[in-house]
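First the structure, in the form of structure tokens, and then the observations on it.
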Amino acid sequence: SACGGLFCANVPVLQQAERIIFAINDNDTVTAYVQINYTGSAPEFSWVVPVPDVPEIDVAEMQTFDDLDRLTAPIFIPPAMPECAMVMRNEQTEAVSADQVQTTATALSQILVLASGTAGPYAFDVITSEDPNAMVDWLRNNGYRVDPEMEPLIDVYNQEGMVFLAMKLQPDQGVQDIQPVIMTYPSTQPMIPIRLTAVAANPDMVIDTWIFGDHQAIPTNFAH
């Protein structure tokens with residue numbers, strides 16, 4: 001669960017790309033490194049991501065992503081095309097998202113703040129509630145922008161048993177201080193909850209993902 005939405009107080013920020021590193025640990029935890037792309041003023045920065053359990057929070061250096069990107073970039077050297085080869089016609093395929101959800105209201109309850117703290121330039125809270133409407137109210141009351149299209153997604157992640165990590169820059173930190181976020185949480189399977197990201201992302205946003213483990217990782221809900 002290493003993806004999230006920018007819940008900024010200004011106009012929504014369109015993410016151009018996202019880079020994520022997963023580490024599958026031996027103690028049934030997953031560590032996720034997430035590069036956050038943001039342009040805007042520091043007081044308006046706010047980021048929310050659903051996670052399966054209360055995570056430990058830290059920060060990483062941007063150089064980690066740059067070095068890994070450079071060292072793992074694929075290089076394709078095809079053989080020369082023989083003169084007798086037929087010209088092949090490219091057929092484009094279109095992926096259709098089936099991420100439409102219907103939500104139902106749940107009983108009212110209070111917000112539980114499961115953890116609070118700081119990490120690098122960030123201050124964060126981990127919240128949960130049986131009532132997604134209470135979660136939306138908490139986010140709005142604490143300065144997070146929640147557009148109407150985000151509300152059913154918060155509900156569906158809530159129904160899936162996820163908790164929400166909400167992060168802001170500390171008052172004395174600027175946009176230049178933004179660092180990649182490290183989250184370590186109990187799990188045996190990395191996942192990228194891109195539904196919230198899609199609200200404030202370009203339609204064809206690139207997601208580069210690296211996974212460190214003892215065997216090849218393949219997606220369970222997408223062709224590979």
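Order determines the names: the first chain of the structure tokens is A, the second B, and so forth; residues in each chain are numbered 1 upward, and ligands are numbered 1 upward as they are shown.
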
Among the residues of segment 18-221 of chain A, find those DSSP assigns to strand (DSSP E) from the backbone and print them as an MDAnalysis selection string.
-> chainID A and resid 18:24 29:35 46:51 56:59 112:119 122:128 163:169 181:186 201:212

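Among the candidates A:Val136, A:Met191, A:Ile24, A:Val34, the one nearest to Asp214 of chain A when counting only C-alpha atoms is A:Ile24.
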
Trp138 of chain A proximity check over A:Val49, A:Ile182, A:Leu169, A:Val113, using only C-alpha atoms: winner is A:Val113

Got a sec: who's within 12 Å of Gln110 of chain A, counting only C-alpha atoms, leaving out chain neighbours fewer than 5 positions off, as a ChimeraX atom specification?
-> /A:127-138

Go ahead and save the residues from that selection, with C-alpha atoms, as a CSV table (one decimal), in the first residue's frame.
```csv
chain,number,residue,atom,x,y,z
A,127,ILE,CA,-6.9,7.1,11.5
A,128,THR,CA,-9.7,4.7,11.3
A,129,SER,CA,-13.4,4.6,11.8
A,130,GLU,CA,-16.4,2.4,11.2
A,131,ASP,CA,-18.0,5.3,9.5
A,132,PRO,CA,-16.4,6.6,6.3
A,133,ASN,CA,-18.4,9.9,6.6
A,134,ALA,CA,-16.7,10.5,9.9
A,135,MET,CA,-13.3,9.9,8.2
A,136,VAL,CA,-14.2,12.4,5.5
A,137,ASP,CA,-15.3,15.0,8.1
A,138,TRP,CA,-12.0,14.5,10.1
```

Nearest to Gly143 of chain A: which of A:Val51, A:Val206, A:Ala166, A:Ile20 is it, counting only C-alpha atoms?
-> A:Ala166

Would you mind listing what lies within 8 Å of Gly120 of chain A as a PyMOL selection string, with only C-alpha atoms counted and same-chain residues fewer than 5 positions away left out?
-> chain A and resi 58-59+179

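In this comparison, which uses only C-alpha atoms, the residue of A:Arg195, A:Val146, A:Tyr185, A:Gly174 approaching Ala23 of chain A most closely is A:Tyr185.
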
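Residue nearest Ile111 of chain A, chosen from A:Pro52, A:Thr220, A:Thr184, A:Leu139 and counting only C-alpha atoms: A:Leu139.
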
Name the residues of segment 29-214 of chain A that fall into alpha helix (DSSP H) according to DSSP on the backbone, using the chain letters and numbers of this document, as a PyMOL selection string.
-> chain A and resi 62-72+132-141+151-159+194-199

Residues from the last selection, C-alpha atoms, saved as a compact mmCIF listing (two decimals), in the first residue's frame:
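So out-v4.txt came out as:
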```
# COMPACT_ATOMS: atom_id res chain seq x y z
CA MET A 62 15.65 10.98 -3.53
CA GLN A 63 19.01 9.71 -4.78
CA THR A 64 17.86 6.19 -3.88
CA PHE A 65 15.22 6.32 -6.62
CA ASP A 66 17.47 8.05 -9.14
CA ASP A 67 20.26 5.48 -8.75
CA LEU A 68 17.90 2.51 -8.88
CA ASP A 69 16.13 3.93 -11.93
CA ARG A 70 19.44 4.42 -13.74
CA LEU A 71 20.87 1.01 -12.82
CA THR A 72 17.78 -0.99 -13.77
CA PRO A 132 -16.39 6.62 6.25
CA ASN A 133 -18.37 9.86 6.57
CA ALA A 134 -16.69 10.50 9.92
CA MET A 135 -13.34 9.94 8.23
CA VAL A 136 -14.20 12.45 5.49
CA ASP A 137 -15.27 14.97 8.15
CA TRP A 138 -12.01 14.47 10.09
CA LEU A 139 -9.90 14.99 6.97
CA ARG A 140 -11.77 18.15 6.01
CA ASN A 141 -11.66 19.54 9.55
CA GLU A 151 -15.66 10.03 -0.91
CA PRO A 152 -16.79 6.67 -2.35
CA LEU A 153 -13.14 5.59 -2.65
CA ILE A 154 -12.53 6.35 1.02
CA ASP A 155 -15.61 4.24 1.73
CA VAL A 156 -14.45 1.26 -0.31
CA TYR A 157 -10.97 1.24 1.24
CA ASN A 158 -12.64 1.49 4.63
CA GLN A 159 -14.83 -1.53 3.81
CA ILE A 194 -4.15 3.56 -7.14
CA ARG A 195 -7.83 4.48 -6.93
CA LEU A 196 -7.17 7.54 -4.78
CA THR A 197 -4.16 8.51 -6.87
CA ALA A 198 -6.29 8.48 -10.02
CA VAL A 199 -8.39 11.37 -8.72
```

Nearest residue to Gly117 of chain A from the set A:Leu165, A:Met205, A:Cys84, A:Ile75 (distances using only C-alpha atoms) | A:Leu165

With a distance cut-off of 10 Å and only C-alpha atoms, select the neighbouring residues of Asn27 of chain A, excluding the residue or stretch itself and same-chain residues fewer than 4 positions from it, and output the selection as a PDB file with C-alpha atoms, in the first residue's frame.
```
ATOM      1  CA  PRO A 186       2.535  -6.043   8.726  1.00  0.00           C
ATOM      2  CA  SER A 187       1.784  -7.756   5.418  1.00  0.00           C
ATOM      3  CA  THR A 188       3.102 -10.461   3.127  1.00  0.00           C
TER       4      THR A 188
END
```

Give me, please, the distance in Å between atom CA of Ser116 of chain A and atom CA of Asn142 of chain A, quoted to one decimal.
->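 Pair atom CA of Ser116 of chain A / atom CA of Asn142 of chain A returns 13.5 Å.
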